[in-house]
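Source file: start.txt (compact mmCIF, C-alpha atoms)
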```
# COMPACT_ATOMS: atom_id res chain seq x y z
CA MET A 28 4.21 18.34 -16.33
CA ARG A 29 1.48 16.68 -14.27
CA GLY A 30 2.25 14.23 -11.48
CA PRO A 31 2.59 14.04 -7.68
CA VAL A 32 4.74 16.68 -6.06
CA ALA A 33 7.79 14.56 -5.11
CA TRP A 34 7.84 13.07 -8.62
CA ARG A 35 7.65 16.56 -10.16
CA ASN A 36 10.39 17.82 -7.88
CA TRP A 37 12.58 14.91 -8.99
CA HIS A 38 11.97 15.74 -12.65
CA GLN A 39 12.78 19.38 -12.07
CA ALA A 40 16.01 18.38 -10.33
CA ASN A 41 17.00 16.42 -13.44
CA SER A 42 16.40 19.41 -15.71
CA ALA A 43 19.51 21.07 -17.14
CA GLY A 44 20.52 24.18 -15.25
CA SER A 45 18.08 23.67 -12.36
CA ALA A 46 19.13 24.78 -8.90
CA PRO A 47 17.29 24.03 -5.64
CA GLY A 48 15.40 26.92 -4.10
CA SER A 49 15.65 25.48 -0.59
CA ARG A 50 16.74 22.48 1.43
CA PHE A 51 15.12 20.90 4.47
CA GLU A 52 15.01 17.69 6.54
CA HIS A 53 12.30 15.49 8.03
CA GLY A 54 12.67 12.60 10.46
CA LEU A 55 11.43 9.20 9.29
CA TYR A 56 9.76 7.09 11.99
CA SER A 57 9.36 3.31 12.11
CA ASP A 58 9.42 0.35 14.46
CA ALA A 59 11.66 -1.56 12.02
CA TYR A 60 15.42 -1.32 12.51
CA VAL A 61 17.17 0.23 9.51
CA VAL A 62 20.71 -0.65 8.43
CA GLY A 63 22.76 0.82 5.60
CA ASP A 64 24.21 4.31 5.57
CA TYR A 65 22.97 6.73 2.89
CA LEU A 66 20.34 6.24 0.20
CA THR A 67 20.66 8.99 -2.42
CA HIS A 68 18.26 9.40 -5.34
CA GLY A 69 17.82 12.65 -7.23
CA PRO A 70 16.99 15.46 -4.81
CA TYR A 71 16.38 13.04 -1.90
CA VAL A 72 18.86 11.62 0.60
CA VAL A 73 17.82 9.16 3.32
CA ILE A 74 20.37 9.01 6.15
CA ASN A 75 20.42 6.22 8.71
CA ALA A 76 19.86 7.67 12.19
CA LEU A 77 21.46 4.65 13.95
CA ALA A 78 18.39 4.10 16.10
CA PHE A 79 19.77 1.32 18.30
CA ASP A 80 16.88 1.68 20.75
CA VAL A 81 14.48 0.57 18.00
CA HIS A 82 16.71 -2.44 17.37
CA GLN A 83 16.78 -3.38 21.06
CA THR A 84 13.15 -2.70 22.00
CA GLY A 85 11.14 -2.81 18.78
CA ARG A 86 9.47 0.45 19.78
CA LEU A 87 8.75 3.27 17.36
CA GLY A 88 11.63 5.67 16.83
CA ARG A 89 13.29 8.06 14.42
CA VAL A 90 15.20 5.57 12.29
CA ALA A 91 16.35 7.89 9.49
CA THR A 92 16.45 11.47 8.29
CA MET A 93 15.26 12.51 4.84
CA ARG A 94 17.06 15.50 3.32
CA VAL A 95 15.25 17.20 0.45
CA ASP A 96 16.44 19.71 -2.13
CA ARG A 97 13.31 21.52 -3.21
CA PHE A 98 13.30 22.53 -6.85
CA ILE A 99 9.58 23.35 -6.92
CA GLU A 100 8.64 25.84 -4.23
CA PRO A 101 5.19 25.87 -2.60
CA GLU A 102 4.57 29.31 -4.10
CA THR A 103 5.07 27.87 -7.60
CA LEU A 104 2.61 25.09 -6.92
CA GLN A 105 0.11 27.58 -5.51
CA ARG A 106 0.29 29.76 -8.61
CA GLU A 107 -0.61 26.76 -10.74
CA VAL A 108 -3.92 26.35 -8.89
CA ARG A 109 -6.73 28.32 -10.46
CA LEU A 110 -9.04 28.70 -7.51
CA GLY A 111 -12.72 28.96 -8.25
CA GLU A 112 -12.61 27.42 -11.74
CA LYS A 113 -12.92 23.70 -11.00
CA THR A 114 -12.03 20.98 -8.53
CA ASP A 115 -8.80 19.22 -9.50
CA VAL A 116 -7.57 16.16 -7.60
CA SER A 117 -5.57 14.62 -10.45
CA GLU A 118 -2.29 14.91 -8.48
CA TYR A 119 -3.70 14.60 -4.96
CA HIS A 120 -2.67 11.72 -2.68
CA GLY A 121 -3.42 13.24 0.72
CA GLY A 122 0.11 14.17 1.79
CA GLY A 123 3.09 16.38 1.12
CA LEU A 124 6.37 15.74 -0.66
CA GLU A 125 7.90 14.12 2.42
CA ASP A 126 4.86 11.84 2.90
CA GLU A 127 5.11 10.65 -0.69
CA ILE A 128 8.74 9.57 -0.37
CA ALA A 129 8.15 8.03 3.08
CA ALA A 130 5.24 5.96 1.69
CA LEU A 131 7.30 4.73 -1.26
CA LEU A 132 10.16 3.81 1.06
CA GLY A 133 7.77 1.96 3.39
CA LEU A 134 6.26 -0.03 0.51
CA ALA A 135 9.67 -0.82 -0.96
CA LEU A 136 10.98 -2.16 2.36
CA GLY A 137 7.72 -3.57 3.73
CA ILE A 138 7.80 -1.49 6.93
CA ARG A 139 5.80 1.15 8.71
CA CYS A 140 7.33 4.49 7.71
CA GLN A 141 5.99 7.97 8.37
CA ALA A 142 7.60 11.37 8.02
CA GLY A 143 7.66 13.73 10.96
CA GLY A 144 7.58 17.52 10.80
CA MET A 145 10.38 19.62 9.35
CA SER A 146 13.38 19.41 11.67
CA ARG A 147 16.07 21.42 9.83
CA SER A 148 15.96 24.14 7.20
CA TRP A 149 18.48 25.96 5.05
CA PHE A 150 16.25 28.81 3.87
CA LEU A 151 15.95 30.91 7.04
CA ASN A 152 19.61 31.90 7.31
CA ASP A 153 22.99 31.45 5.65
CA ASP A 154 24.34 28.81 8.05
CA PRO A 155 25.86 26.08 5.80
CA LEU A 156 24.83 23.49 8.41
CA GLY A 157 21.21 24.60 8.33
CA ARG A 158 19.03 25.63 11.24
CA PRO A 159 17.13 23.26 13.57
CA ILE A 160 13.45 24.11 13.34
CA GLU A 161 10.16 23.12 14.98
CA LEU A 162 7.65 25.22 13.03
CA GLU A 163 5.45 22.19 12.42
CA PRO A 164 6.20 19.58 15.10
CA ARG A 165 4.75 16.23 14.07
CA ILE A 166 5.86 13.00 15.73
CA PRO A 167 3.86 9.88 14.84
CA THR A 168 2.65 7.52 17.57
CA LEU A 169 2.05 3.79 17.32
CA PRO A 170 -0.05 1.59 19.63
CA ALA A 171 1.60 -1.44 21.21
CA SER A 172 0.93 -4.97 19.96
CA GLY A 173 -1.48 -7.19 21.85
CA ARG A 174 -0.47 -9.89 24.30
CA PHE A 175 -0.60 -12.58 21.60
CA GLY A 176 1.97 -10.80 19.45
CA PRO A 177 1.79 -8.51 16.43
CA ILE A 178 -1.03 -8.90 13.93
CA VAL A 179 1.35 -8.33 11.00
CA PRO A 180 4.77 -9.50 12.23
CA ALA A 181 6.46 -9.01 8.84
CA LEU A 182 6.34 -5.23 9.23
CA THR A 183 8.99 -5.33 11.96
CA GLY A 184 12.56 -6.56 12.08
CA GLN A 185 15.66 -5.37 10.24
CA ARG A 186 15.75 -3.76 6.78
CA SER A 187 18.54 -2.36 4.66
CA LEU A 188 18.10 0.98 2.91
CA ASP A 189 19.97 -0.51 -0.03
CA ASP A 190 17.04 -2.86 -0.69
CA ALA A 191 14.87 0.14 -1.67
CA ALA A 192 17.35 1.51 -4.21
CA GLU A 193 16.14 -0.44 -7.25
CA LEU A 194 12.49 0.52 -6.79
CA LEU A 195 13.13 4.19 -6.03
CA GLU A 196 15.27 4.48 -9.18
CA ILE A 197 12.20 3.48 -11.20
CA TYR A 198 9.96 6.22 -9.82
CA PRO A 199 11.03 9.29 -11.83
CA GLY A 200 10.95 7.26 -15.05
CA VAL A 201 7.26 6.34 -14.92
CA SER A 202 4.54 8.51 -16.41
CA GLY A 203 2.85 11.17 -14.32
CA ARG A 204 -0.43 9.25 -14.14
CA ASN A 205 1.33 6.06 -13.12
CA ALA A 206 3.27 8.01 -10.49
CA VAL A 207 0.01 9.35 -9.03
CA ALA A 208 -1.48 5.84 -8.86
CA LEU A 209 1.70 4.42 -7.33
CA ALA A 210 1.91 7.21 -4.74
CA ARG A 211 -1.75 6.75 -3.80
CA ALA A 212 -1.38 2.98 -3.52
CA ALA A 213 1.80 3.36 -1.44
CA ARG A 214 0.05 5.84 0.85
CA GLN A 215 -2.85 3.44 1.40
CA TYR A 216 -0.47 0.56 2.04
CA GLY A 217 1.43 2.72 4.54
CA GLN A 218 -1.75 3.78 6.33
CA ALA A 219 -2.89 0.14 6.51
CA ALA A 220 0.47 -0.87 7.97
CA TRP A 221 0.30 1.91 10.54
CA VAL A 222 -3.16 0.99 11.91
CA ALA A 223 -2.86 -2.79 11.56
CA GLU A 224 -2.23 -3.36 15.28
CA SER A 225 -4.91 -0.98 16.56
CA ASP A 226 -7.62 -1.31 13.87
CA PRO A 227 -7.11 -4.38 11.67
CA ASN A 228 -10.55 -3.93 10.09
CA LEU A 229 -9.47 -0.54 8.74
CA ALA A 230 -6.15 -2.05 7.63
CA TRP A 231 -8.05 -4.64 5.58
CA ILE A 232 -10.09 -1.90 3.90
CA GLN A 233 -7.03 0.17 3.06
CA LEU A 234 -5.02 -2.78 1.71
CA VAL A 235 -7.86 -3.75 -0.62
CA GLY A 236 -8.10 -0.07 -1.61
CA ALA A 237 -4.38 0.03 -2.39
CA ILE A 238 -4.78 -2.91 -4.78
CA GLU A 239 -7.84 -1.33 -6.39
CA THR A 240 -5.93 1.92 -6.93
CA ALA A 241 -3.13 0.13 -8.77
CA ALA A 242 -5.53 -2.15 -10.65
CA ALA A 243 -7.57 0.78 -11.96
CA ARG A 244 -4.42 2.23 -13.52
CA TRP A 245 -3.02 -1.12 -14.72
CA ARG A 246 -6.20 -2.18 -16.54
CA PRO A 247 -6.65 -5.94 -17.12
CA PRO A 248 -6.97 -7.54 -20.56
CA ALA A 249 -10.30 -6.82 -22.23
CA VAL A 250 -12.86 -9.61 -22.03
CA SER A 251 -16.56 -9.90 -22.76
CA ARG A 252 -19.11 -8.78 -20.18
CA LEU A 253 -20.14 -12.35 -19.56
CA ASP A 254 -16.55 -13.48 -19.00
CA ARG A 255 -16.03 -10.60 -16.57
CA ILE A 256 -19.04 -11.79 -14.56
CA ALA A 257 -17.87 -15.42 -14.73
CA GLN A 258 -14.51 -14.54 -13.18
CA SER A 259 -15.82 -12.10 -10.59
CA TRP A 260 -19.18 -13.61 -9.57
CA PRO A 261 -19.46 -17.29 -10.57
CA GLU A 262 -22.86 -17.74 -8.91
CA LEU A 263 -24.36 -14.91 -10.96
CA PHE A 264 -22.78 -16.32 -14.11
CA GLU A 265 -24.39 -19.71 -13.48
CA PHE A 266 -27.78 -18.02 -13.23
CA LEU A 267 -27.23 -15.99 -16.41
CA ALA A 268 -25.98 -19.05 -18.27
CA SER A 269 -29.30 -20.77 -17.59
CA LEU A 270 -31.23 -18.02 -19.40
CA PRO A 271 -32.02 -17.82 -23.12
CA ALA A 272 -29.25 -16.13 -25.10
CA ASP A 273 -31.03 -12.79 -25.57
CA ARG A 274 -31.94 -12.46 -21.90
CA ARG A 275 -28.45 -13.67 -20.84
CA ASP A 276 -26.73 -11.01 -22.96
CA ALA A 277 -29.10 -8.29 -21.77
CA GLY A 278 -28.49 -9.28 -18.16
CA ALA A 279 -24.72 -9.29 -18.69
CA GLU A 280 -24.88 -5.80 -20.19
CA LEU A 281 -26.84 -4.51 -17.19
CA LEU A 282 -24.71 -6.17 -14.51
CA ALA A 283 -21.15 -6.11 -15.89
CA GLY A 284 -20.54 -2.59 -14.57
CA HIS A 285 -21.31 -3.72 -11.03
CA VAL A 286 -18.41 -6.18 -11.04
CA ARG A 287 -15.88 -4.03 -12.90
CA SER A 288 -13.90 -3.01 -9.81
CA GLN A 289 -13.93 -6.54 -8.41
CA TYR A 290 -12.83 -7.93 -11.77
CA ARG A 291 -9.88 -5.53 -11.92
CA PHE A 292 -8.95 -6.38 -8.31
CA LEU A 293 -8.98 -10.12 -9.01
CA GLN A 294 -7.15 -9.85 -12.33
CA PHE A 295 -4.46 -7.59 -10.87
CA LEU A 296 -3.76 -10.13 -8.13
CA ASP A 297 -3.95 -13.01 -10.59
CA ARG A 298 -1.16 -11.26 -12.52
CA PHE A 299 0.99 -9.95 -9.68
CA ALA A 300 0.27 -12.03 -6.55
CA PRO A 301 3.40 -13.77 -5.24
CA ASP A 302 4.02 -17.48 -4.85
CA PRO A 303 3.40 -18.90 -1.36
CA PRO A 304 5.97 -17.91 1.27
CA ALA A 305 9.17 -19.95 1.32
CA GLU A 306 8.52 -21.00 4.93
CA ARG A 307 5.04 -22.29 5.63
CA PRO A 308 3.18 -23.63 8.69
CA ASP A 309 1.63 -27.05 9.03
CA ALA A 310 -0.86 -27.87 6.27
CA TRP A 311 -3.94 -27.21 8.40
CA LEU A 312 -2.81 -23.59 8.89
CA GLN A 313 -1.89 -22.95 5.23
CA VAL A 314 -3.85 -20.99 2.65
CA ASP A 315 -4.60 -23.16 -0.37
CA TRP A 316 -2.75 -21.10 -3.01
CA SER A 317 -4.39 -23.07 -5.82
CA GLN A 318 -7.72 -21.53 -4.72
CA LEU A 319 -6.35 -18.02 -4.23
CA GLN A 320 -8.81 -16.34 -6.61
CA HIS A 321 -11.74 -17.89 -4.71
CA HIS A 322 -10.28 -16.71 -1.39
CA LEU A 323 -9.74 -13.20 -2.77
CA ARG A 324 -13.37 -12.99 -3.90
CA ILE A 325 -14.36 -13.61 -0.28
CA VAL A 326 -11.92 -10.92 0.89
CA TYR A 327 -13.43 -8.47 -1.60
CA ASP A 328 -16.95 -9.33 -0.44
CA HIS A 329 -15.96 -8.65 3.20
CA ARG A 330 -14.49 -5.30 2.15
CA SER A 331 -17.72 -4.40 0.30
CA ARG A 332 -19.79 -5.27 3.36
CA ALA A 333 -17.48 -3.24 5.58
CA LEU A 334 -17.89 -0.18 3.34
CA HIS A 335 -21.53 -0.44 2.33
CA ASP A 336 -23.41 -1.89 5.28
CA GLY A 337 -20.92 -1.41 8.11
CA THR A 338 -20.22 -5.12 8.73
CA PRO A 339 -16.56 -5.31 9.84
CA PHE A 340 -14.15 -8.01 8.73
CA PRO A 341 -14.53 -11.22 10.75
CA PRO A 342 -12.43 -11.11 13.95
CA PRO A 343 -10.75 -14.46 13.12
CA MET A 344 -9.21 -12.78 10.05
CA CYS A 345 -7.83 -10.00 12.26
CA GLU A 346 -5.97 -12.17 14.78
CA PRO A 347 -2.18 -12.44 15.22
CA PRO A 348 -0.77 -15.36 13.22
CA GLY A 349 1.66 -16.57 15.87
CA TRP A 350 -0.64 -17.61 18.69
CA ALA A 351 -1.04 -21.33 17.82
CA PRO A 352 1.89 -22.98 16.03
CA GLY A 353 4.25 -23.39 18.99
CA PRO A 354 7.95 -22.61 19.50
CA GLY A 355 10.07 -22.44 16.39
CA LYS A 356 7.21 -23.02 13.95
CA THR A 357 6.10 -20.73 11.14
CA PRO A 358 3.07 -18.54 11.98
CA ALA A 359 -0.35 -19.43 10.61
CA GLU A 360 -1.61 -18.15 7.23
CA ARG A 361 -5.31 -18.67 7.98
CA PRO A 362 -7.58 -18.99 11.03
CA PRO A 363 -7.76 -22.55 12.37
CA GLY A 364 -10.91 -24.60 12.91
CA ARG A 365 -14.14 -25.33 11.07
CA ALA A 366 -15.91 -22.28 12.51
CA ALA A 367 -15.35 -19.41 14.89
CA SER A 368 -17.47 -17.23 17.12
CA ALA A 369 -16.53 -13.82 18.47
CA GLN A 370 -18.22 -10.56 19.47
CA HIS A 371 -21.74 -11.94 18.87
CA GLY A 372 -20.92 -13.19 15.37
CA THR A 373 -20.25 -16.65 13.92
CA TRP A 374 -18.27 -17.49 10.78
CA LEU A 375 -17.70 -20.75 8.98
CA GLU A 376 -14.22 -21.76 7.90
CA ALA A 377 -15.07 -21.03 4.25
CA ASP A 378 -15.80 -17.38 5.09
CA THR A 379 -12.45 -16.72 6.81
CA PRO A 380 -9.90 -17.73 4.14
CA MET A 381 -6.80 -15.92 5.40
CA LEU A 382 -5.32 -13.70 8.09
CA LEU A 383 -4.50 -10.01 7.66
CA ALA A 384 -0.79 -10.88 7.83
CA THR A 385 -1.19 -13.17 4.82
CA PHE A 386 -3.05 -10.58 2.78
CA GLU A 387 -0.40 -7.96 3.62
CA TYR A 388 2.18 -10.36 2.15
CA ILE A 389 0.07 -10.80 -0.99
CA ALA A 390 -0.79 -7.11 -1.38
CA ARG A 391 2.72 -5.76 -0.85
CA HIS A 392 4.39 -8.21 -3.23
CA ALA A 393 1.71 -7.57 -5.86
CA LEU A 394 2.18 -3.79 -5.61
CA VAL A 395 5.96 -4.15 -5.79
CA GLY A 396 5.61 -6.46 -8.82
CA TRP A 397 3.47 -3.85 -10.57
CA TRP A 398 5.98 -1.14 -9.58
CA ARG A 399 8.76 -3.11 -11.26
CA GLN A 400 6.64 -3.63 -14.37
CA LEU A 401 6.23 0.14 -14.66
CA ALA A 402 9.98 0.33 -15.32
CA SER A 403 9.76 -1.97 -18.35
CA ARG A 404 6.72 -0.11 -19.67
CA SER A 405 8.50 3.23 -19.29
CA SER A 406 11.61 2.00 -21.07
```

Would you mind writing the file out in structure tokens?
Amino acid sequence: MRGPVAWRNWHQANSAGSAPGSRFEHGLYSDAYVVGDYLTHGPYVVINALAFDVHQTGRLGRVATMRVDRFIEPETLQREVRLGEKTDVSEYHGGGLEDEIAALLGLALGIRCQAGGMSRSWFLNDDPLGRPIELEPRIPTLPASGRFGPIVPALTGQRSLDDAAELLEIYPGVSGRNAVALARAARQYGQAAWVAESDPNLAWIQLVGAIETAAARWRPPAVSRLDRIAQSWPELFEFLASLPADRRDAGAELLAGHVRSQYRFLQFLDRFAPDPPAERPDAWLQVDWSQLQHHLRIVYDHRSRALHDGTPFPPPMCEPPGWAPGPGKTPAERPPGRAASAQHGTWLEADTPMLLATFEYIARHALVGWWRQLASRSS
């Protein structure tokens, strides 16, 4: 059975007659305060660590412990690899079993969540309480927010473990390929959340990548090449439409492949993007949700420039949303003003359609919406 390691371990745990080969624990670190007691799903138990210091200070801390019953041992996974025959990344998401579950939990709750190193093991001796262990010490660190407040405020605050139960229950029921795509998207979302305060440009790139990962697996409805160009690159479509039919069709055939990824990105968000937030700022600081597809094309163009010619996202799109509205008012969704200048660059209002905090809201809810749809497809 092919799929990411935590998904495979879950399936093996559900097999008749299976018994775990070992048990271990990892700390889960976040700057969001976790409530709820135990979250138990298959071979995984998340236990609230009662991190009151995180609640009082908002600083990063060990907010929970993840206990894992391992039904697939590393030696078994190693034997499955046929070294020297071919490269195989079909199940690879860049982390271990504990990183996979931590990323899914972070996406489900909308928080920063990383697993630390193994802290307790039951395979080194016969102690029924396990043995504390520091063979691979790994404690995440998180930079402090700037003086104008957090860039993505929604990642902090209080969350209940119970709110992740519905989504985690879906995970073992999806196909192996969908599980790989979901794990990869969750990992990218988690990495974006983790660096948002220190490197918002990188967070933008990873959030767009998370949507592309899910969109590539979801696959939008089939349309003609010309329609794909029309929805992804209206200016190019207008040019092609002005050509004679034979030249227009030939041009569409040549160029449609260049907009495939952007088309999937836009269609995925057209299908799964959430409605505007329930609480919104004054109109001049709102994103025009009726023009969301247009705004997302600009976001995708900034991401392409960041990857392909090294032009970072505009600084106005990387600012904290709470600097302007005033006491008691909802934070901004977009940069204010008709234009902005920063770090030897100038951007018009039309080129800075939303803040990183707004796109995190859109991206997370879209990924969670797709995650829920996987349950209905599996059933």

**OP:** Rank A:Thr357, A:Gln215, A:Asn75, A:Gln141 by their smallest atom-to-atom distance to Leu124 (chain A), using all atoms listed in the file, and report the top residue only.
**Re:**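 Residue with the minimum atom-to-atom distance to Leu124 (chain A): A:Gln141.
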
**OP:** Could you tell me how far CA of Val314 (chain A) lies from CA of Pro343 (chain A), in Å and to one decimal?
**Re:**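 Computing the Euclidean distance for CA of Val314 (chain A) and CA of Pro343 (chain A) yields 14.1 Å.
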
Original post:
How would you write as a list in words the residues that get within 12 Å of (20.5, 21.0, -8.6) in the file's frame, counting only C-alpha atoms?
Top reply: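 The answer, in the requested form, is Asn36, Trp37, His38, Gln39, Ala40, Asn41, Ser42, Ala43, Gly44, Ser45, Ala46, Pro47, Gly48, Ser49, Arg50, Gly69, Pro70, Tyr71, Val95, Asp96, Arg97, Phe98 and Ile99 of chain A.
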
Need the shell around Val326 (chain A): protein/DNA/RNA residues with any atom at most 9 Å away, counting all atoms listed in the file. Skip same-chain ones fewer than 5 positions apart. Format as a tab-separated table (two decimals) with C-alpha atoms, in the frame of the given file?
```tsv
chain	number	residue	atom	x	y	z
A	231	TRP	CA	-8.05	-4.64	5.58
A	235	VAL	CA	-7.86	-3.75	-0.62
A	321	HIS	CA	-11.74	-17.89	-4.71
A	331	SER	CA	-17.72	-4.40	0.30
A	340	PHE	CA	-14.15	-8.01	8.73
A	378	ASP	CA	-15.80	-17.38	5.09
A	379	THR	CA	-12.45	-16.72	6.81
A	380	PRO	CA	-9.90	-17.73	4.14
A	381	MET	CA	-6.80	-15.92	5.40
```

**OP:** Pull the neighbourhood of (0.6, 6.1, -2.6) for me: all residues within 7 Å in file coordinates, counting only C-alpha atoms, as a PyMOL selection string.
**Re:** chain A and resi 120+127+130-131+208-215

Subject >> Contacts of region 216-224 of chain A within 6 Å, only C-alpha atoms, excl. fewer than 3 positions in-chain, as a list in words >> reply: Ala130, Arg139, Ser172, Ile178, Ala213, Pro227, Ala230, Gln233, Leu234 and Ala237 of chain A

Original post:
Within 8 Å of Arg324 (chain A), counting all atoms listed in the file, which residues qualify if same-chain residues fewer than 3 places away don't, as number ranges by chain?
Top reply: A: 259, 289, 293, 320-321, 327-328
